[in-house]
Amino acid sequence: MDKFGVLKKHFGYDSFRSGQEELIDSILSGRDTVGVMPTGAGKSVCFQVPALLLPGVTVVVSPLISLMKDQVSALLQNSIPAAYINSAMSANEQTFTLREALRGKYKIIYVAPERLVSHSFLEMCSMLSVSLVCVDEAHCVSQWGQDFRPSYLAVRDFIATFEARPVVCAFTATATERVRRDMVKLLGLKKPFVSVLGFDRPNLYFEVAKPLNKFTALKRYLELFSGKSGIIYCATRKKTDELYAVLSSEGYSVTEYHAGLDKDIRRRNQELFINDKKEIVIATNAFGMGIDKSNVSFVIHYNMPGDVESYYQEAGRAGRDGSEAFCILLYSGEDIAIQRYFIDHTQENEELSELDALNLRRTKLKKLGAMIEYCENARCLRHYILSYFGESSPERCENCSYCTGELSGKDVTVTAQKVLSCVFRVREKEPAFVISRLMKGERDEYIVSVGYDRLSTFGLLEDMPMKSIEDFIVYLLSADCLFEDEKGALHLTERAHAVLFRSMRLRQKSPREKRKSAEKNAGFDGALYRKLHKLRRTLAAKQSIPPFTVFTDATLRRIAQNRPRTHEEFAAVPGVSAEKERKYAEAFLKLINEHSEHIEKSKRK
Ligand code: ADP
């Protein structure tokens, strides 16, 4: 099997994303390789495909235990034999895994860097045929990176222990020139092929807002993203606790994470979020590194971070599966004071000389200045970020709050309530043209004959031009508040009920955004999507694995769009590997068939 075969069979994809193929080719050719790619670009495939094609075992050095567990469980889902070894396991479990490894059970073994100095692990490696060593989050080896981990310095010696030196590849999402040089030197890479992928994440929408009241604004966004998974970052533990207390008391599906919480609670909360048991996590920047959750739809910064690097990394945890996602920063002058305080009061590394410490402080202030500029200056946000990372890009991206106007759009809740209650009053029996005349207050023969001119909703929109009323009804249809039956009568949807009775607010997007979502939703069946979501959750819970390792949101969306009816059609959906087809096709096809029958039936009625 070649790399394309492996990609299709084990990952369910027909083609490589940009940058993946050359990294894979380089590794397969036996050359050390460095991949610098933004979060979500699809780094894992770059070393997992070679791992399956090379004869021996691949050892992946990864900094976080939680990440390992998820990655291995995702690999097992695609029938890739993998395991991990870390200090969270008992001695017995470790011995068992080592023994299985020696019996050739695994193609990929994840280890924490601390393991690389463990005698038993080194002994095992000397008996294994290791073809590839992959260093994930490789910037951790550099003091100039954000997450320096001294244990990464052991990688170089580890590689030197092999009689036949394996190929070494290193990946990171954050690398300035300096960090990149450190990576090559400190990991002992030999004339590596280095590929730096563009930092742009086109599926992310960026917005900076300066609300008078951040909390009210936050709630508005949460309404907008209701039902979706997201992260709210705060600058301090105190703020995190506060927001958590208020939002959970108001019934939001939230959990929290910061370094002040007990270790077990932290781990539990993190799992609640990863496993979709809680929709939202409120956290400090302690949360995130190694969070490999692909269906995060929004990241809201309740406070401004201290530099653009951190902001982009944290915001970049949204939309990893390539789906549209939102990165919102709520900014106020107070945020600057908080960050200044941090710079003035953090204890610097004691090993730094006075001069180095002074320089570091200066650098931090400079970086803070750039972050403030991002928030304060009116210009395309994406262009600003990419320029900051030294990448050229168009002056306008058309996908940030500067280019498109506010994400939140115009609040049209009251007008919507008027129209929807009118539909309700006529018992969902009338088509759009009757509703619009009724709202306008036209006493034509039909309206008078059935007594609609006596309804409380008669003439409620008399000040609005007829054409605008008609357009607004079309908008309500597209916004999933109304639907037409086969005779053309308008009916209320679940969403309409929420607007009418559960104080949900509606915001009409700009025509450009509307067009975009209409194009995207062509052929998309929202009700089916929700059912697929539920099924995914049930299947994941049965196996105690995170839902997105069953299928990502992007794959579910494609299923809802394609509505496969046969095993072949199901297997053809991007993201459906051979193993997942075998495991899940039955359940999903059954659900799709039932759903289609249900629709057919209600059409006939
Ligand atoms: P990261 O670079 O952040 O480690 P991942 O390896 O987790 O990113 O990949 C992000 C998402 O992209 C995953 O859902 C993965 O399945 C998907 N992906 C990776 N390669 C491809 C591809 N060639 N085609 C489509 N989706 C892909």
# chains A, B, ... in the order shown; residues from 1 in each chain; ligands from 1

$ residues_around --residues "Ala283 of chain A" --least-positions-apart "2" --cutoff "12 Å" --atoms "only C-alpha atoms" --output "MDAnalysis selection string"
chainID A and resid 230:244 254:261 266 269:270 273 280:281 285:288 299:303 314

$ write_last_selection --atoms "C-alpha atoms" --output "tab-separated table (two decimals), in the first residue's frame"
chain	number	residue	atom	x	y	z
A	230	GLY	CA	-16.30	26.48	23.17
A	231	ILE	CA	-13.62	27.89	25.44
A	232	ILE	CA	-13.80	31.13	27.41
A	233	TYR	CA	-10.37	32.36	28.43
A	234	CYS	CA	-9.91	34.71	31.39
A	235	ALA	CA	-6.71	36.40	32.49
A	236	THR	CA	-6.98	35.40	36.15
A	237	ARG	CA	-8.14	32.49	38.26
A	238	LYS	CA	-10.44	34.82	40.16
A	239	LYS	CA	-12.28	35.89	37.02
A	240	THR	CA	-12.49	32.26	35.92
A	241	ASP	CA	-14.10	31.29	39.24
A	242	GLU	CA	-16.49	34.23	39.08
A	243	LEU	CA	-17.68	33.56	35.55
A	244	TYR	CA	-18.00	29.88	36.27
A	254	VAL	CA	-19.99	24.93	31.80
A	255	THR	CA	-16.94	23.64	33.59
A	256	GLU	CA	-13.74	25.40	34.65
A	257	TYR	CA	-10.00	24.92	34.55
A	258	HIS	CA	-7.08	26.73	36.14
A	259	ALA	CA	-3.89	25.85	37.96
A	260	GLY	CA	-5.39	26.72	41.35
A	261	LEU	CA	-7.79	23.80	41.21
A	266	ARG	CA	-8.73	19.72	36.86
A	269	ASN	CA	-13.22	19.03	34.33
A	270	GLN	CA	-11.03	18.69	31.32
A	273	PHE	CA	-15.27	19.19	28.23
A	280	ILE	CA	-18.07	25.24	27.57
A	281	VAL	CA	-14.88	25.41	29.59
A	285	ASN	CA	-4.21	30.00	29.83
A	286	ALA	CA	-3.22	26.94	31.86
A	287	PHE	CA	-5.82	25.17	29.77
A	288	GLY	CA	-5.15	24.11	26.29
A	299	VAL	CA	-12.97	30.68	21.64
A	300	ILE	CA	-13.94	33.82	23.51
A	301	HIS	CA	-11.25	35.79	25.31
A	302	TYR	CA	-12.90	37.55	28.18
A	303	ASN	CA	-9.60	39.37	28.71
A	314	GLU	CA	-5.36	29.97	22.18

$ closest_atom_pairs --of "chain A" --to "ligand 1" --cutoff "10 Å" --atoms "only C-alpha atoms and all ligand atoms" --output "tab-separated table"
residue	atom	partner	partner_atom_place_in_ligand_line	distance
A:Phe4	CA	ligand 1	23 (N)	9.8
A:Leu7	CA	ligand 1	23 (N)	7.4
A:Lys8	CA	ligand 1	23 (N)	9.2
A:Phe11	CA	ligand 1	16 (O)	6.9
A:Gly12	CA	ligand 1	24 (N)	8.2
A:Tyr13	CA	ligand 1	24 (N)	5.2
A:Asp14	CA	ligand 1	24 (N)	7.1
A:Ser15	CA	ligand 1	23 (N)	5.3
A:Phe16	CA	ligand 1	23 (N)	3.7
A:Arg17	CA	ligand 1	23 (N)	4.4
A:Ser18	CA	ligand 1	23 (N)	8.1
A:Gly19	CA	ligand 1	23 (N)	9.6
A:Gln20	CA	ligand 1	23 (N)	7.4
A:Glu21	CA	ligand 1	23 (N)	9.0
A:Gly35	CA	ligand 1	2 (O)	9.7
A:Val36	CA	ligand 1	2 (O)	9.2
A:Met37	CA	ligand 1	2 (O)	6.5
A:Pro38	CA	ligand 1	2 (O)	6.2
A:Thr39	CA	ligand 1	3 (O)	3.6
A:Gly40	CA	ligand 1	3 (O)	3.4
A:Ala41	CA	ligand 1	2 (O)	4.2
A:Gly42	CA	ligand 1	9 (O)	3.4
A:Lys43	CA	ligand 1	2 (O)	3.6
A:Ser44	CA	ligand 1	6 (O)	3.7
A:Val45	CA	ligand 1	20 (N)	5.6
A:Cys46	CA	ligand 1	6 (O)	7.9
A:Phe47	CA	ligand 1	6 (O)	9.4
A:Gln48	CA	ligand 1	6 (O)	9.3
A:Gln71	CA	ligand 1	7 (O)	8.6
A:Ala74	CA	ligand 1	16 (O)	9.4
A:Asp136	CA	ligand 1	4 (O)	8.9
A:Glu137	CA	ligand 1	4 (O)	9.3
A:Phe171	CA	ligand 1	2 (O)	8.8
A:Thr172	CA	ligand 1	2 (O)	8.4
A:Ala173	CA	ligand 1	2 (O)	7.5
A:Gly290	CA	ligand 1	4 (O)	9.2
A:Ile291	CA	ligand 1	3 (O)	9.4
A:Asp292	CA	ligand 1	7 (O)	6.3
A:Lys293	CA	ligand 1	7 (O)	8.0
A:Ser294	CA	ligand 1	14 (O)	5.7
A:Asn295	CA	ligand 1	14 (O)	8.4
A:Gly316	CA	ligand 1	3 (O)	8.9
A:Arg317	CA	ligand 1	3 (O)	8.2
A:Gly319	CA	ligand 1	11 (C)	8.7
A:Arg320	CA	ligand 1	10 (C)	5.1
A:Asp321	CA	ligand 1	14 (O)	4.2
A:Gly322	CA	ligand 1	12 (O)	6.5
A:Ser323	CA	ligand 1	14 (O)	9.6
A:Phe548	CA	ligand 1	14 (O)	8.2
A:Thr549	CA	ligand 1	14 (O)	8.6
A:Phe551	CA	ligand 1	14 (O)	8.4
A:Thr552	CA	ligand 1	14 (O)	5.9
A:Asp553	CA	ligand 1	14 (O)	8.5
A:Ala554	CA	ligand 1	14 (O)	7.8
A:Thr555	CA	ligand 1	14 (O)	8.6
A:Pro574	CA	ligand 1	25 (C)	6.8
A:Gly575	CA	ligand 1	16 (O)	6.6
A:Val576	CA	ligand 1	16 (O)	9.8

$ select_by_dssp --residues "segment 264-513 of chain A" --states "helix (DSSP H, G or I)" --output "VMD selection string"
chain A and resid 264 to 274 308 to 315 333 to 345 354 to 376 381 to 388 401 to 404 413 to 425 432 to 440 445 to 449 452 to 454 466 to 478 494 to 501 511 to 513

$ residues_around --residues "Ala82 of chain A" --least-positions-apart "3" --cutoff "6 Å" --atoms "only C-alpha atoms" --output "ChimeraX atom specification"
/A:72,106-109

$ select_by_dssp --residues "segment 321-465 of chain A" --states "strand (DSSP E or B)" --output "PyMOL selection string"
chain A and resi 325-330+400+410-411+431

$ residues_around --residues "segment 162-166 of chain A" --least-positions-apart "6" --cutoff "9 Å" --atoms "only C-alpha atoms" --output "VMD selection string"
chain A and resid 30 58 125 to 126 129 to 133

$ closest_residue --among "A:Ser87, A:Ser73, A:Thr176, A:Gln508" --to "Gly390 of chain A" --atoms "only C-alpha atoms"
A:Thr176

$ residues_around --residues "Asp147 of chain A" --least-positions-apart "4" --cutoff "10 Å" --atoms "only C-alpha atoms" --output "PDB file with all heavy atoms, in the first residue's frame"
ATOM      1  N   PRO A  63       4.358  15.913  24.991  1.00  0.00           N
ATOM      2  CA  PRO A  63       4.530  16.458  26.334  1.00  0.00           C
ATOM      3  C   PRO A  63       3.400  16.169  27.316  1.00  0.00           C
ATOM      4  O   PRO A  63       3.599  16.178  28.509  1.00  0.00           O
ATOM      5  CB  PRO A  63       4.637  17.960  26.090  1.00  0.00           C
ATOM      6  CG  PRO A  63       3.923  18.184  24.814  1.00  0.00           C
ATOM      7  CD  PRO A  63       4.087  16.952  24.015  1.00  0.00           C
ATOM      8  N   GLU A 137       5.277  18.876  19.468  1.00  0.00           N
ATOM      9  CA  GLU A 137       5.428  20.124  20.249  1.00  0.00           C
ATOM     10  C   GLU A 137       6.916  20.401  20.495  1.00  0.00           C
ATOM     11  O   GLU A 137       7.340  20.700  21.630  1.00  0.00           O
ATOM     12  CB  GLU A 137       4.698  20.044  21.596  1.00  0.00           C
ATOM     13  CG  GLU A 137       3.253  19.572  21.545  1.00  0.00           C
ATOM     14  CD  GLU A 137       2.298  20.577  20.921  1.00  0.00           C
ATOM     15  OE1 GLU A 137       2.739  21.700  20.592  1.00  0.00           O
ATOM     16  OE2 GLU A 137       1.121  20.230  20.730  1.00  0.00           O
ATOM     17  N   ALA A 138       7.689  20.318  19.425  1.00  0.00           N
ATOM     18  CA  ALA A 138       9.143  20.325  19.566  1.00  0.00           C
ATOM     19  C   ALA A 138       9.695  21.653  20.092  1.00  0.00           C
ATOM     20  O   ALA A 138      10.829  21.706  20.568  1.00  0.00           O
ATOM     21  CB  ALA A 138       9.791  19.974  18.236  1.00  0.00           C
ATOM     22  N   HIS A 139       8.903  22.715  20.028  1.00  0.00           N
ATOM     23  CA  HIS A 139       9.396  23.995  20.560  1.00  0.00           C
ATOM     24  C   HIS A 139       9.678  23.923  22.061  1.00  0.00           C
ATOM     25  O   HIS A 139      10.363  24.779  22.608  1.00  0.00           O
ATOM     26  CB  HIS A 139       8.387  25.110  20.275  1.00  0.00           C
ATOM     27  CG  HIS A 139       7.053  24.850  20.899  1.00  0.00           C
ATOM     28  ND1 HIS A 139       6.095  24.079  20.292  1.00  0.00           N
ATOM     29  CD2 HIS A 139       6.535  25.223  22.087  1.00  0.00           C
ATOM     30  CE1 HIS A 139       5.045  23.993  21.077  1.00  0.00           C
ATOM     31  NE2 HIS A 139       5.278  24.673  22.176  1.00  0.00           N
ATOM     32  N   CYS A 140       9.132  22.884  22.727  1.00  0.00           N
ATOM     33  CA  CYS A 140       9.358  22.740  24.169  1.00  0.00           C
ATOM     34  C   CYS A 140      10.836  22.560  24.503  1.00  0.00           C
ATOM     35  O   CYS A 140      11.232  22.678  25.658  1.00  0.00           O
ATOM     36  CB  CYS A 140       8.595  21.534  24.716  1.00  0.00           C
ATOM     37  SG  CYS A 140       6.829  21.746  24.709  1.00  0.00           S
ATOM     38  N   VAL A 141      11.646  22.239  23.505  1.00  0.00           N
ATOM     39  CA  VAL A 141      13.065  22.029  23.778  1.00  0.00           C
ATOM     40  C   VAL A 141      13.800  23.362  23.927  1.00  0.00           C
ATOM     41  O   VAL A 141      14.903  23.424  24.458  1.00  0.00           O
ATOM     42  CB  VAL A 141      13.696  21.158  22.665  1.00  0.00           C
ATOM     43  CG1 VAL A 141      13.962  21.971  21.402  1.00  0.00           C
ATOM     44  CG2 VAL A 141      14.990  20.507  23.138  1.00  0.00           C
ATOM     45  N   SER A 142      13.163  24.434  23.468  1.00  0.00           N
ATOM     46  CA  SER A 142      13.864  25.721  23.453  1.00  0.00           C
ATOM     47  C   SER A 142      13.428  26.623  24.601  1.00  0.00           C
ATOM     48  O   SER A 142      12.243  26.748  24.900  1.00  0.00           O
ATOM     49  CB  SER A 142      13.572  26.437  22.127  1.00  0.00           C
ATOM     50  OG  SER A 142      13.958  27.789  22.217  1.00  0.00           O
ATOM     51  N   GLN A 143      14.402  27.263  25.179  1.00  0.00           N
ATOM     52  CA  GLN A 143      14.107  28.223  26.245  1.00  0.00           C
ATOM     53  C   GLN A 143      13.367  29.432  25.706  1.00  0.00           C
ATOM     54  O   GLN A 143      12.775  30.192  26.442  1.00  0.00           O
ATOM     55  CB  GLN A 143      15.407  28.720  26.861  1.00  0.00           C
ATOM     56  CG  GLN A 143      16.076  27.695  27.701  1.00  0.00           C
ATOM     57  CD  GLN A 143      16.816  28.352  28.847  1.00  0.00           C
ATOM     58  OE1 GLN A 143      16.291  29.248  29.485  1.00  0.00           O
ATOM     59  NE2 GLN A 143      18.021  27.896  29.097  1.00  0.00           N
ATOM     60  N   MET A 289      -2.809  23.529  26.148  1.00  0.00           N
ATOM     61  CA  MET A 289      -1.748  22.855  25.426  1.00  0.00           C
ATOM     62  C   MET A 289      -2.028  21.361  25.478  1.00  0.00           C
ATOM     63  O   MET A 289      -2.227  20.795  26.533  1.00  0.00           O
ATOM     64  CB  MET A 289      -0.393  23.142  26.046  1.00  0.00           C
ATOM     65  CG  MET A 289       0.662  22.460  25.241  1.00  0.00           C
ATOM     66  SD  MET A 289       2.254  23.096  25.641  1.00  0.00           S
ATOM     67  CE  MET A 289       3.240  21.739  25.111  1.00  0.00           C
TER      68      MET A 289
END

$ residues_around --residues "Asp335 of chain A" --least-positions-apart "2" --cutoff "12 Å" --atoms "only C-alpha atoms" --output "PyMOL selection string"
chain A and resi 210+214+234-236+301-307+329-333+337-342+368+371-372+375

$ atom_distance --atom1 "atom CA of Leu386 of chain A" --atom2 "atom CA of Cys327 of chain A"
15.1 Å
